[in-house]
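Asker: What follows is the file protein.txt, containing compact mmCIF, C-alpha atoms:
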# COMPACT_ATOMS: atom_id res chain seq x y z
CA MET G 1 15.60 -1.30 -12.54
CA ALA G 2 19.08 0.24 -12.59
CA LYS G 3 19.12 3.99 -12.49
CA ARG G 4 21.81 6.05 -14.19
CA LYS G 5 21.73 9.59 -12.93
CA LYS G 6 23.69 12.50 -14.32
CA ILE G 7 24.70 13.97 -11.03
CA SER G 8 27.94 15.77 -10.49
CA LEU G 9 29.99 13.56 -8.23
CA SER G 10 33.26 15.18 -9.26
CA ILE G 11 34.86 17.07 -12.10
CA GLU G 12 36.16 13.90 -13.75
CA ALA G 13 33.90 10.91 -13.23
CA THR G 14 35.37 8.09 -15.25
CA ARG G 15 34.97 4.82 -13.32
CA ASP G 16 31.83 2.73 -13.81
CA PHE G 17 30.18 1.86 -10.54
CA THR G 18 27.08 -0.09 -9.53
CA LEU G 19 25.69 -0.14 -6.03
CA THR G 20 22.82 -2.43 -4.95
CA LEU G 21 20.82 -2.81 -1.75
CA GLU G 22 18.58 -5.86 -1.56
CA PRO G 23 16.29 -7.09 1.24
CA ILE G 24 17.06 -10.58 2.56
CA ALA G 25 15.10 -11.19 5.77
CA GLY G 26 12.92 -9.30 8.21
CA GLY G 27 11.40 -5.84 7.95
CA LEU G 28 13.46 -3.37 5.88
CA THR G 29 11.83 0.05 5.93
CA MET G 30 14.18 2.38 4.06
CA PHE G 31 17.38 2.13 2.03
CA TYR G 32 19.63 5.18 1.60
CA ALA G 33 22.94 5.46 -0.23
CA PHE G 34 25.13 8.52 -0.70
CA ILE G 35 28.20 8.95 -2.90
CA ASN G 36 30.48 11.81 -1.84
CA GLY G 37 27.54 13.18 0.15
CA VAL G 38 25.11 13.08 -2.81
CA LYS G 39 22.03 10.94 -2.23
CA VAL G 40 21.68 8.30 -4.97
CA ILE G 41 19.27 5.78 -3.41
CA GLN G 42 16.21 6.71 -1.37
CA SER G 43 13.69 3.88 -1.52
CA ASP G 44 11.63 1.62 0.67
CA GLY G 45 13.12 -1.80 1.34
CA THR G 46 10.54 -3.90 -0.45
CA LYS G 47 12.81 -4.84 -3.35
CA LYS G 48 16.32 -4.64 -4.77
CA ARG G 49 17.46 -1.08 -5.40
CA THR G 50 20.28 -0.24 -7.78
CA TRP G 51 22.30 2.80 -8.70
CA SER G 52 24.67 2.72 -11.66
CA GLY G 53 26.83 5.57 -12.83
CA LYS G 54 30.35 6.92 -13.11
CA ILE G 55 32.49 7.96 -10.17
CA PRO G 56 35.75 9.92 -10.09
CA ASP G 57 39.19 8.32 -10.16
CA ALA G 58 39.97 10.08 -6.93
CA GLN G 59 38.93 8.66 -3.55
CA VAL G 60 35.16 8.26 -3.26
CA GLN G 61 33.12 8.01 -0.05
CA VAL G 62 30.04 5.77 -0.11
CA LYS G 63 27.66 6.01 2.84
CA ILE G 64 24.91 3.47 3.41
CA ARG G 65 22.04 3.99 5.87
CA VAL G 66 19.33 1.37 6.35
CA VAL G 67 16.33 1.53 8.69
CA GLY G 68 14.18 -1.44 9.59
CA ILE G 69 13.02 -3.70 12.37
CA ASP G 70 15.35 -5.35 14.90
CA SER G 71 18.03 -7.46 13.16
CA ALA G 72 16.61 -7.60 9.62
CA SER G 73 19.24 -8.40 7.00
CA PHE G 74 20.05 -7.05 3.56
CA LYS G 75 22.66 -7.52 0.86
CA LEU G 76 25.03 -4.73 -0.12
CA GLY G 77 26.46 -5.16 -3.62
CA ILE G 78 29.37 -3.25 -5.11
CA ASP G 79 30.51 -3.61 -8.69
CA LEU G 80 33.53 -1.59 -9.75
CA PRO G 81 34.64 -3.25 -13.00
CA GLY G 82 38.39 -3.81 -13.17
CA THR G 83 38.82 -3.30 -9.44
CA ALA G 84 36.13 -5.10 -7.47
CA ASP G 85 33.73 -7.03 -9.67
CA ASP G 86 30.45 -8.10 -8.04
CA GLN G 87 31.37 -7.90 -4.38
CA SER G 88 28.46 -8.53 -2.04
CA LEU G 89 28.01 -8.63 1.70
CA THR G 90 25.02 -9.73 3.73
CA LEU G 91 24.60 -7.35 6.65
CA LYS G 92 22.33 -7.22 9.69
CA LEU G 93 20.66 -4.22 11.25
CA HIS G 94 21.45 -3.56 14.89
CA GLY G 95 18.48 -2.28 16.90
CA GLY G 96 16.62 -1.49 13.65
CA TYR G 97 19.46 0.50 12.06
CA TYR G 98 22.66 0.07 10.08
CA GLU G 99 25.13 2.51 8.65
CA THR G 100 28.54 2.19 7.13
CA ASP G 101 31.12 4.27 5.27
CA ILE G 102 33.09 2.73 2.41
CA THR G 103 36.05 4.35 0.72
CA LEU G 104 36.70 3.42 -2.93
CA MET P 1 8.52 5.30 -17.00
CA ASN P 2 7.73 1.87 -15.55
CA GLY P 3 4.80 -0.50 -15.69
CA THR P 4 2.87 -2.00 -12.83
CA THR P 5 0.78 -5.19 -12.68
CA SER P 6 -0.69 -7.07 -9.76
CA ILE P 7 -3.26 -9.79 -9.11
CA LYS P 8 -5.08 -9.62 -5.79
CA ASP P 9 -8.43 -10.97 -4.59
CA GLY P 10 -9.34 -12.22 -8.08
CA GLN P 11 -8.70 -8.81 -9.64
CA ILE P 12 -5.95 -7.86 -12.07
CA GLU P 13 -4.58 -4.32 -12.00
CA ALA P 14 -2.22 -2.97 -14.65
CA GLY P 15 -0.96 0.32 -16.02
CA PRO P 16 2.05 2.56 -16.58
CA GLU P 17 3.88 4.49 -13.86
CA LEU P 18 5.45 7.81 -14.74
CA ASN P 19 8.23 8.86 -12.36
CA ARG P 20 10.02 12.13 -11.89
CA GLU P 21 12.77 11.93 -9.30
CA LYS P 22 15.38 14.27 -7.92
CA ILE P 23 16.82 11.88 -5.38
CA GLU P 24 19.79 14.10 -4.57
CA LYS P 25 17.26 16.72 -3.38
CA GLY P 26 14.98 14.13 -1.78
CA ASN P 27 12.02 14.67 -4.12
CA THR P 28 10.09 11.90 -5.84
CA PHE P 29 6.85 12.22 -7.77
CA PHE P 30 4.83 9.66 -9.66
CA VAL P 31 1.58 9.40 -11.59
CA ARG P 32 0.08 5.93 -11.99
CA PRO P 33 -3.06 5.41 -14.08
CA THR P 34 -4.22 1.80 -13.80
CA ILE P 35 -7.22 -0.27 -14.73
CA ARG P 36 -8.60 -3.04 -12.50
CA MET P 37 -10.78 -5.85 -13.84
CA PRO P 38 -11.99 -9.14 -12.38
CA LEU P 39 -10.21 -12.25 -13.68
CA THR P 40 -12.34 -14.36 -16.04
CA THR P 41 -10.68 -17.59 -14.85
CA LYS P 42 -9.31 -17.13 -11.35
CA SER P 43 -7.58 -20.53 -11.14
CA ASP P 44 -5.45 -19.78 -14.23
CA ASN P 45 -5.14 -15.99 -13.71
CA VAL P 46 -6.73 -15.35 -17.10
CA LEU P 47 -8.51 -12.15 -18.09
CA GLN P 48 -10.67 -12.31 -21.20
CA ILE P 49 -11.91 -9.01 -22.63
CA ASP P 50 -14.93 -9.23 -24.89
CA ARG P 51 -18.45 -7.83 -25.26
CA PHE P 52 -19.39 -9.38 -21.89
CA SER P 53 -16.66 -7.44 -20.02
CA SER P 54 -18.81 -4.92 -18.22
CA THR P 55 -17.03 -4.59 -14.87
CA TRP P 56 -13.92 -2.43 -14.63
CA ARG P 57 -12.40 0.28 -12.47
CA GLY P 58 -9.92 3.00 -13.48
CA ILE P 59 -7.61 4.35 -10.78
CA LEU P 60 -5.43 7.45 -11.01
CA THR P 61 -2.80 7.74 -8.28
CA ILE P 62 -0.50 10.71 -7.74
CA GLN P 63 2.18 10.76 -5.04
CA TYR P 64 4.78 13.29 -3.95
CA THR P 65 7.47 12.47 -1.39
CA LYS P 66 9.96 14.78 0.25
CA ASP P 67 12.76 12.98 2.06
CA ASN P 68 15.07 15.17 4.15
CA THR P 69 17.47 12.41 5.14
CA LYS P 70 21.16 13.38 4.91
CA THR P 71 24.36 11.40 5.40
CA SER P 72 23.99 11.77 9.17
CA GLY P 73 21.43 12.83 11.72
CA LYS P 74 17.71 12.21 11.81
CA ILE P 75 15.80 10.36 9.13
CA SER P 76 12.61 12.10 8.11
CA ARG P 77 10.27 11.94 5.15
CA LYS P 78 6.73 12.99 4.29
CA SER P 79 4.54 11.89 1.44
CA ILE P 80 1.15 12.93 0.16
CA ASN P 81 -0.88 10.58 -2.00
CA GLY P 82 -4.08 11.34 -3.91
CA GLN P 83 -6.23 8.75 -5.63
CA PHE P 84 -9.32 8.94 -7.81
CA GLU P 85 -11.26 5.82 -8.75
CA TYR P 86 -14.05 5.50 -11.28
CA GLY P 87 -15.63 2.27 -12.40
CA SER P 88 -18.59 0.55 -13.91
CA SER P 89 -20.23 -2.68 -12.78
CA GLU P 90 -23.08 -4.74 -14.15
CA PHE P 91 -25.61 -6.16 -11.69
CA LYS P 92 -28.16 -8.91 -12.34
CA TYR P 93 -31.28 -9.32 -10.26
CA TYR P 94 -34.60 -11.14 -10.46
CA PRO P 95 -37.55 -9.10 -9.14
CA THR P 96 -40.07 -11.84 -9.96
CA GLY P 97 -38.05 -14.56 -8.23
CA THR P 98 -37.43 -16.58 -11.39
CA LYS P 99 -34.10 -16.94 -13.19
CA THR P 100 -35.84 -16.66 -16.55
CA ASN P 101 -36.89 -13.08 -15.83
CA GLU P 102 -33.49 -11.44 -15.45
CA PHE P 103 -32.97 -7.70 -15.02
CA LYS P 104 -29.59 -6.05 -15.61
CA SER P 105 -28.35 -2.64 -14.59
CA THR P 106 -24.94 -1.04 -15.11
CA GLU P 107 -23.90 1.49 -12.47
CA SER P 108 -20.91 3.79 -12.00
CA SER P 109 -19.04 3.98 -8.71
CA TYR P 110 -16.35 6.48 -7.76
CA ALA P 111 -14.07 7.35 -4.87
CA PHE P 112 -11.54 10.00 -3.82
CA GLU P 113 -8.77 9.32 -1.34
CA LEU P 114 -6.07 11.47 0.22
CA LYS P 115 -3.27 10.05 2.36
CA CYS P 116 -0.50 11.84 4.27
CA ILE P 117 2.30 9.71 5.66
CA GLY P 118 5.29 10.80 7.73
CA PHE P 119 8.31 8.85 8.97
CA TYR P 120 10.64 10.02 11.70
CA THR P 121 13.55 8.42 13.54
CA LYS P 122 16.87 9.53 14.96
CA GLY P 123 18.87 7.34 12.60
CA ALA P 124 20.65 5.35 15.29
CA ALA P 125 20.59 1.84 16.75
CA TYR P 126 17.68 1.27 19.15
CA ALA P 127 16.09 4.59 18.18
CA LYS P 128 12.30 4.81 18.24
CA GLN P 129 10.57 5.01 14.85
CA PHE P 130 7.26 6.79 14.23
CA SER P 131 4.99 7.03 11.23
CA PRO P 132 1.84 9.11 11.67
CA GLN P 133 -0.66 8.48 8.88
CA ILE P 134 -3.91 10.24 7.93
CA ARG P 135 -6.40 9.03 5.36
CA LEU P 136 -9.52 10.77 4.06
CA ARG P 137 -11.74 8.74 1.73
CA TYR P 138 -15.05 9.50 0.09
CA SER P 139 -16.73 6.73 -1.87
CA TYR P 140 -19.98 6.24 -3.74
CA ASP P 141 -20.03 2.53 -4.31
CA TRP P 142 -22.83 0.50 -5.88
CA LYS P 143 -23.39 -2.90 -4.30
CA ALA P 144 -25.63 -5.80 -5.25
CA ALA P 145 -28.62 -6.46 -3.00
CA THR P 146 -28.28 -9.34 -0.57
CA GLU P 147 -29.37 -12.65 -2.06
CA VAL P 148 -32.41 -14.29 -0.54
CA GLY P 149 -33.73 -17.83 -0.85
CA VAL P 150 -36.66 -18.18 -3.26
CA VAL P 151 -38.83 -21.26 -2.79
CA ASN P 152 -39.08 -23.43 -5.92
CA LEU P 153 -42.07 -25.51 -6.92
CA PRO P 154 -41.98 -29.05 -5.48
CA ASN P 155 -40.28 -31.58 -7.78
CA GLY P 156 -41.80 -34.88 -8.83
CA ASN P 157 -41.04 -36.42 -5.44
CA GLY P 158 -42.60 -33.50 -3.59
CA VAL P 159 -39.23 -32.08 -2.46
CA VAL P 160 -39.23 -28.31 -2.04
CA THR P 161 -35.93 -26.52 -2.63
CA THR P 162 -34.80 -22.89 -2.63
CA THR P 163 -32.61 -20.91 -5.01
CA ASN P 164 -30.56 -17.95 -3.78
CA MET P 165 -30.91 -14.82 -5.91
CA ALA P 166 -30.99 -11.04 -5.64
CA ILE P 167 -34.57 -9.81 -5.78
CA ASP P 168 -33.81 -6.12 -5.39
CA GLY P 169 -31.68 -3.98 -7.66
CA PRO P 170 -28.29 -2.62 -6.56
CA SER P 171 -27.98 0.39 -4.30
CA ALA P 172 -25.26 2.91 -3.44
CA LYS P 173 -24.42 4.60 -0.17
CA PRO P 174 -22.03 7.54 0.07
CA THR P 175 -19.32 7.06 2.70
CA PHE P 176 -16.79 9.51 4.09
CA SER P 177 -14.13 7.79 6.13
CA PRO P 178 -11.40 9.79 7.88
CA ALA P 179 -8.82 7.66 9.66
CA PHE P 180 -5.67 8.19 11.70
CA SER P 181 -2.99 5.67 12.59
CA LEU P 182 0.36 5.96 14.35
CA GLN P 183 2.96 3.32 13.51
CA ILE P 184 5.37 2.90 16.42
CA TYR P 185 8.55 0.85 16.65
CA SER P 186 10.27 1.04 20.02
CA GLY P 187 13.72 0.30 18.62
CA LYS P 188 13.83 -3.10 20.35
CA GLY P 189 12.40 -6.48 19.39
CA SER P 190 10.51 -7.65 16.31
CA PHE P 191 7.18 -5.98 17.01
CA SER P 192 5.61 -2.69 16.00
CA TYR P 193 2.39 -1.12 17.26
CA SER P 194 -0.35 0.71 15.38
CA PRO P 195 -3.19 2.31 17.31
CA THR P 196 -5.78 3.33 14.69
CA LEU P 197 -8.99 5.33 14.76
CA TYR P 198 -11.66 5.40 12.02
CA TYR P 199 -14.77 7.55 11.94
CA ASP P 200 -17.18 6.51 9.17
CA PHE P 201 -20.01 8.72 7.98
CA THR P 202 -22.50 6.75 5.85
CA GLY P 203 -25.29 8.56 4.00
CA LYS P 204 -28.71 7.41 2.94
CA LYS P 205 -29.18 5.08 -0.04
CA ASN P 206 -28.73 6.66 -3.47
CA THR P 207 -27.86 10.14 -2.15
CA ASN P 208 -24.49 11.91 -2.39
CA ASP P 209 -24.40 13.36 1.12
CA PRO P 210 -22.60 11.07 3.60
CA PHE P 211 -23.54 13.20 6.62
CA ASN P 212 -26.69 13.36 8.77
CA ASN P 213 -27.32 9.60 8.81
CA LEU P 214 -25.18 6.78 10.20
CA ASN P 215 -21.89 7.41 12.05
CA ARG P 216 -19.57 4.78 13.47
CA LEU P 217 -16.37 5.16 15.47
CA ARG P 218 -13.94 2.25 15.24
CA LEU P 219 -10.78 1.67 17.25
CA GLU P 220 -8.08 -0.87 16.45
CA SER P 221 -4.75 -1.53 18.15
CA TRP P 222 -2.54 -3.58 15.86
CA ILE P 223 0.56 -5.46 16.94
CA PHE P 224 2.73 -6.50 13.98
CA PHE P 225 5.41 -9.18 14.14
CA TYR P 226 8.21 -9.23 11.53
CA PRO P 227 9.59 -12.79 11.21
CA LEU P 228 13.19 -13.29 10.11
CA ILE P 229 12.76 -15.69 7.18
CA LYS P 230 15.68 -15.83 4.76
CA ASP P 231 14.82 -14.69 1.22
CA ASN P 232 11.31 -13.75 2.38
CA SER P 233 11.73 -10.22 3.63
CA ASN P 234 9.08 -7.73 4.64
CA ILE P 235 6.48 -10.12 5.98
CA LYS P 236 4.17 -8.67 8.63
CA ILE P 237 1.87 -10.75 10.82
CA GLY P 238 -0.69 -8.58 12.56
CA ILE P 239 -3.30 -9.04 15.23
CA THR P 240 -5.70 -6.55 16.79
CA PRO P 241 -8.82 -6.28 18.87
CA PHE P 242 -11.44 -3.90 17.46
CA PHE P 243 -14.18 -1.90 19.05
CA SER P 244 -16.90 -0.20 16.97
CA ILE P 245 -19.57 2.08 18.38
CA ARG P 246 -22.51 3.59 16.53
CA THR P 247 -22.65 7.26 17.45
CA ALA P 248 -25.57 8.29 15.21
CA GLY P 249 -28.26 6.70 13.04
CA THR P 250 -29.18 3.04 12.73
CA ASP P 251 -27.78 -0.02 10.98
CA ASP P 252 -28.07 -3.80 11.09
CA PHE P 253 -25.33 -4.16 13.72
CA ASN P 254 -25.42 -3.71 17.48
CA LYS P 255 -24.67 -0.26 18.86
CA ILE P 256 -21.38 -1.64 20.17
CA GLU P 257 -19.56 -4.32 18.22
CA TYR P 258 -16.20 -5.84 19.15
CA GLY P 259 -13.95 -8.66 18.07
CA GLY P 260 -10.49 -9.31 16.66
CA MET P 261 -8.63 -9.46 13.38
CA ILE P 262 -5.54 -11.27 12.14
CA THR P 263 -3.61 -10.53 8.96
CA VAL P 264 -0.48 -11.65 7.12
CA LYS P 265 1.01 -9.15 4.67
CA PHE P 266 3.76 -9.85 2.16
CA GLY P 267 6.15 -7.37 0.54
CA THR P 268 5.10 -4.57 2.85
CA THR P 269 7.06 -2.43 5.29
CA PHE P 270 6.52 -0.67 8.61
CA LEU P 271 5.33 2.35 6.59
CA GLN P 272 2.51 0.66 4.67
CA PHE P 273 -0.70 0.62 6.65
CA PHE P 274 -3.66 2.31 4.93
Translate the structure of the given file into structure tokens.

Answerer:
Amino acid sequence: MAKRKKISLSIEATRDFTLTLEPIAGGLTMFYAFINGVKVIQSDGTKKRTWSGKIPDAQVQVKIRVVGIDSASFKLGIDLPGTADDQSLTLKLHGGYYETDITL
Amino acid sequence: MNGTTSIKDGQIEAGPELNREKIEKGNTFFVRPTIRMPLTTKSDNVLQIDRFSSTWRGILTIQYTKDNTKTSGKISRKSINGQFEYGSSEFKYYPTGTKTNEFKSTESSYAFELKCIGFYTKGAAYAKQFSPQIRLRYSYDWKAATEVGVVNLPNGNGVVTTTNMAIDGPSAKPTFSPAFSLQIYSGKGSFSYSPTLYYDFTGKKNTNDPFNNLNRLRLESWIFFYPLIKDNSNIKIGITPFFSIRTAGTDDFNKIEYGGMITVKFGTTFLQFF
């Protein structure tokens, strides 16, 4: 279920944004996602996790951290209507871990 | 607020789940009251509730999790889970050894369970992962007596048959079962390891005190394999030897029992064990 949290990501949060993390193969233990350093997803990797909300017009940093077993894979989805509709990437853990920084 | 439903081992479990989360601070809390009932028609997953529905179990689960994971550095979380179960079951038995003379009794079972689960890793490729887990469980569970074969009268051709039925009424034994397990992933390969220790205290029939009777120590050493099957994530295939030793009292088993177990679990992660 999509979660819409009223957390203060910036003074003027105006852009709609949806972030999803979905297990694909192998053992996915934990999904974490941070937007401008604020944790928005903190869930085990048993099913698709979604965060929806508004982000500022200014540059936004998204950090993803995933823990699991060996080279398990998951799908990272980004939906930024008007800019990047429904972008998704299938990614593999490396030695049971994956992290990436995305600038929007 | 969410709902939860599951069907497992011929039982359906359903109920609401009330969540309170402050993810930005790492806190999650939920309360989940559910009811579990046996399916009326297992092949069609149908539950019929009527005046004959006498077996049910209510389960209240409360869980609090504190996750200290930040944008960088170590990943660490702890959760504490409490569960209370209360249920009623109807038992049929035949003290005279004939199906026409049926006795029924309805008994209430209950259990308390407390689990503490930690998870720690550096948050880096090839880093070791650990999850120490403790479980304390007290249960007072009514069980039907073992069925025995009752010899029937010879039929017209002189053939003697037997019918299996419970002669004795149900009985309950209190059990206190502390357990400890350490989930270990080395950071390499598709296997995790789970050495586990159980110590079961089983009391005398129809008393509430689980101590001063039968004690058994049980050791298991699970190895779990996580296959990479596309669109079928979080499958665990486990295998373990077990070793059980009776340290006090008597039971129907040998003082030392040993063997092996195999399991396949779906939709479960490294963290789910007890």

Asker: So that each row is one residue of chain P with an atom at most 7 Å from chain G, can you give its shortest atom pair and the distance in Å to one decimal, using all atoms listed in the file, rows by chain and rising number, as a Markdown table?

Answerer:
| residue | atom | partner | partner_atom | distance |
| --- | --- | --- | --- | --- |
| P:Ile23 | CA | G:Val40 | CA | 6.1 |
| P:Glu24 | CA | G:Lys39 | CA | 4.5 |
| P:Thr71 | CA | G:Gly37 | CA | 6.4 |
| P:Gly123 | CA | G:Tyr97 | CA | 6.9 |
| P:Ala124 | CA | G:Tyr97 | CA | 5.9 |
| P:Ala125 | CA | G:Gly95 | CA | 4.6 |
| P:Tyr126 | CA | G:Gly95 | CA | 4.3 |
| P:Gly187 | CA | G:Gly95 | CA | 5.7 |
| P:Lys188 | CA | G:Gly95 | CA | 5.8 |
| P:Gly189 | CA | G:Asp70 | CA | 5.5 |
| P:Ser190 | CA | G:Asp70 | CA | 5.5 |
| P:Tyr226 | CA | G:Gly26 | CA | 5.8 |
| P:Pro227 | CA | G:Gly26 | CA | 5.7 |
| P:Leu228 | CA | G:Gly26 | CA | 4.4 |
| P:Ile229 | CA | G:Ala25 | CA | 5.3 |
| P:Lys230 | CA | G:Ala25 | CA | 4.8 |
| P:Asp231 | CA | G:Ile24 | CA | 4.9 |
| P:Asn232 | CA | G:Ala25 | CA | 5.7 |
| P:Ser233 | CA | G:Ala25 | CA | 4.1 |
| P:Asn234 | CA | G:Gly27 | CA | 4.5 |
| P:Ile235 | CA | G:Gly27 | CA | 6.8 |
| P:Gly267 | CA | G:Thr46 | CA | 5.7 |
| P:Thr268 | CA | G:Thr46 | CA | 6.4 |
| P:Thr269 | CA | G:Thr29 | CA | 5.4 |
| P:Phe270 | CA | G:Thr29 | CA | 6.0 |
| P:Leu271 | CA | G:Thr29 | CA | 6.9 |

Asker: Quick one, how far is atom CA of Arg15 of chain G from atom CA of Ile102 of chain G?

Answerer: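 Distance reported for this atom pair: 16.0 Å.
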
Asker: For a quick check of your reading of the model, name the residues lying within 12 Å of the coordinate (38.5, 6.7, -9.5), counting only C-alpha atoms, and write them as a list in words.

Answerer: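 Residues lying no farther than 12 Å from the given point: Leu9, Ser10, Ile11, Glu12, Ala13, Thr14, Arg15, Asp16, Phe17, Lys54, Ile55, Pro56, Asp57, Ala58, Gln59, Val60, Gln61, Leu80, Pro81, Gly82, Thr83, Thr103 and Leu104 of chain G.
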
Asker: Please indicate the distance in Å from atom CA of Thr65 of chain P to atom CA of Gln133 of chain P, rounded to one decimal place.

Answerer: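 Straight-line distance from atom CA of Thr65 of chain P to atom CA of Gln133 of chain P works out to 13.7 Å.
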
Asker: Report, as lines of an AutoDock Vina configuration file, the centre and edge lengths in Å (one decimal) of the axis-aligned box enclosing every listed atom of segment 22-34 of chain G, padded by 4 Å on each side.

Answerer:
center_x = 18.3
center_y = -1.3
center_z = 3.3
size_x = 21.7
size_y = 27.7
size_z = 17.8

Asker: Separation of atom CA of Pro95 of chain P and atom CA of Gly149 of chain P, in Å?

Answerer: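 Computed distance, atom CA of Pro95 of chain P to atom CA of Gly149 of chain P, equals 12.6 Å.
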
Asker: Taking into account all atoms listed in the file, which residue in the set P:Leu18, P:Val151, P:Ile12, P:Leu60 is nearest to Thr40 of chain P?

Answerer: P:Ile12

Asker: May I have the residues within 8 Å of Thr106 of chain P as a list in words, using only C-alpha atoms and disregarding those fewer than 4 positions away in the same chain?

Answerer: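 The residues satisfying every condition are Ser54, Ser88, Ser89, Glu90 and Phe91 of chain P.
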
Asker: I need the residue nearest Phe274 of chain P from this list: P:Ile262, P:Ala145, P:Ile167, P:Leu114. Use all atoms listed in the file for the distance.

Answerer: P:Leu114

Asker: Skipping near chain neighbours, those fewer than 4 positions away, what residues fall within 6 Å of Glu85 of chain P using only C-alpha atoms, listed as JSON, numbers by chain?

Answerer: {"P": [58, 59, 110, 111]}

Asker: Neighbouring residues of Phe225 of chain P were defined as those with any atom within 8 Å, considering only C-alpha atoms; residues of the same chain fewer than 3 positions away were excluded. Please report them as a list in words.

Answerer: Ser190, Phe191, Ser192, Lys236, Ile237 and Gly238 of chain P

Asker: Could you dump the residues just selected with C-alpha atoms as an mmCIF file, in the coordinates of the input?

Answerer:
data_model
loop_
_atom_site.group_PDB
_atom_site.id
_atom_site.type_symbol
_atom_site.label_atom_id
_atom_site.label_comp_id
_atom_site.auth_asym_id
_atom_site.auth_seq_id
_atom_site.Cartn_x
_atom_site.Cartn_y
_atom_site.Cartn_z
ATOM 1 C CA SER P 190 10.510 -7.650 16.310
ATOM 2 C CA PHE P 191 7.180 -5.980 17.010
ATOM 3 C CA SER P 192 5.610 -2.690 16.000
ATOM 4 C CA LYS P 236 4.170 -8.670 8.630
ATOM 5 C CA ILE P 237 1.870 -10.750 10.820
ATOM 6 C CA GLY P 238 -0.690 -8.580 12.560
#

Asker: Find the residues near Val160 of chain P: any atom within 12 Å, counting all atoms listed in the file, skip ones fewer than 5 places away on the same chain, and give them as a PDB file with C-alpha atoms, in the frame of the given file.

Answerer:
ATOM      1  CA  GLY P 149     -33.730 -17.830  -0.850  1.00  0.00           C
ATOM      2  CA  VAL P 150     -36.660 -18.180  -3.260  1.00  0.00           C
ATOM      3  CA  VAL P 151     -38.830 -21.260  -2.790  1.00  0.00           C
ATOM      4  CA  ASN P 152     -39.080 -23.430  -5.920  1.00  0.00           C
ATOM      5  CA  LEU P 153     -42.070 -25.510  -6.920  1.00  0.00           C
ATOM      6  CA  PRO P 154     -41.980 -29.050  -5.480  1.00  0.00           C
ATOM      7  CA  ASN P 155     -40.280 -31.580  -7.780  1.00  0.00           C
TER       8      ASN P 155
END

Asker: Using only C-alpha atoms, find all polymer residues with an atom at most 10 Å away from the point (-27.3, -12.1, -12.1); report them as a VMD selection string.

Answerer: chain P and resid 90 to 94 99 102 to 105 144 165 to 167

Asker: Env of Ser88 of chain G: 7 Å cut, atoms = only C-alpha atoms, seq-sep filter 3 positions within chain, self excluded. Answer as a list in words.

Answerer: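 The residues that qualify are Lys75, Leu76, Gly77 and Ile78 of chain G.
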
Asker: Compare P:Asn81, P:Thr55, P:Gln48, P:Ser72 by their minimum atom-to-atom distance to Thr100 of chain G, counting only C-alpha atoms, and give me the closest one.

Answerer: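 Looking only at the distances to Thr100 of chain G, the closest residue turns out to be P:Ser72.
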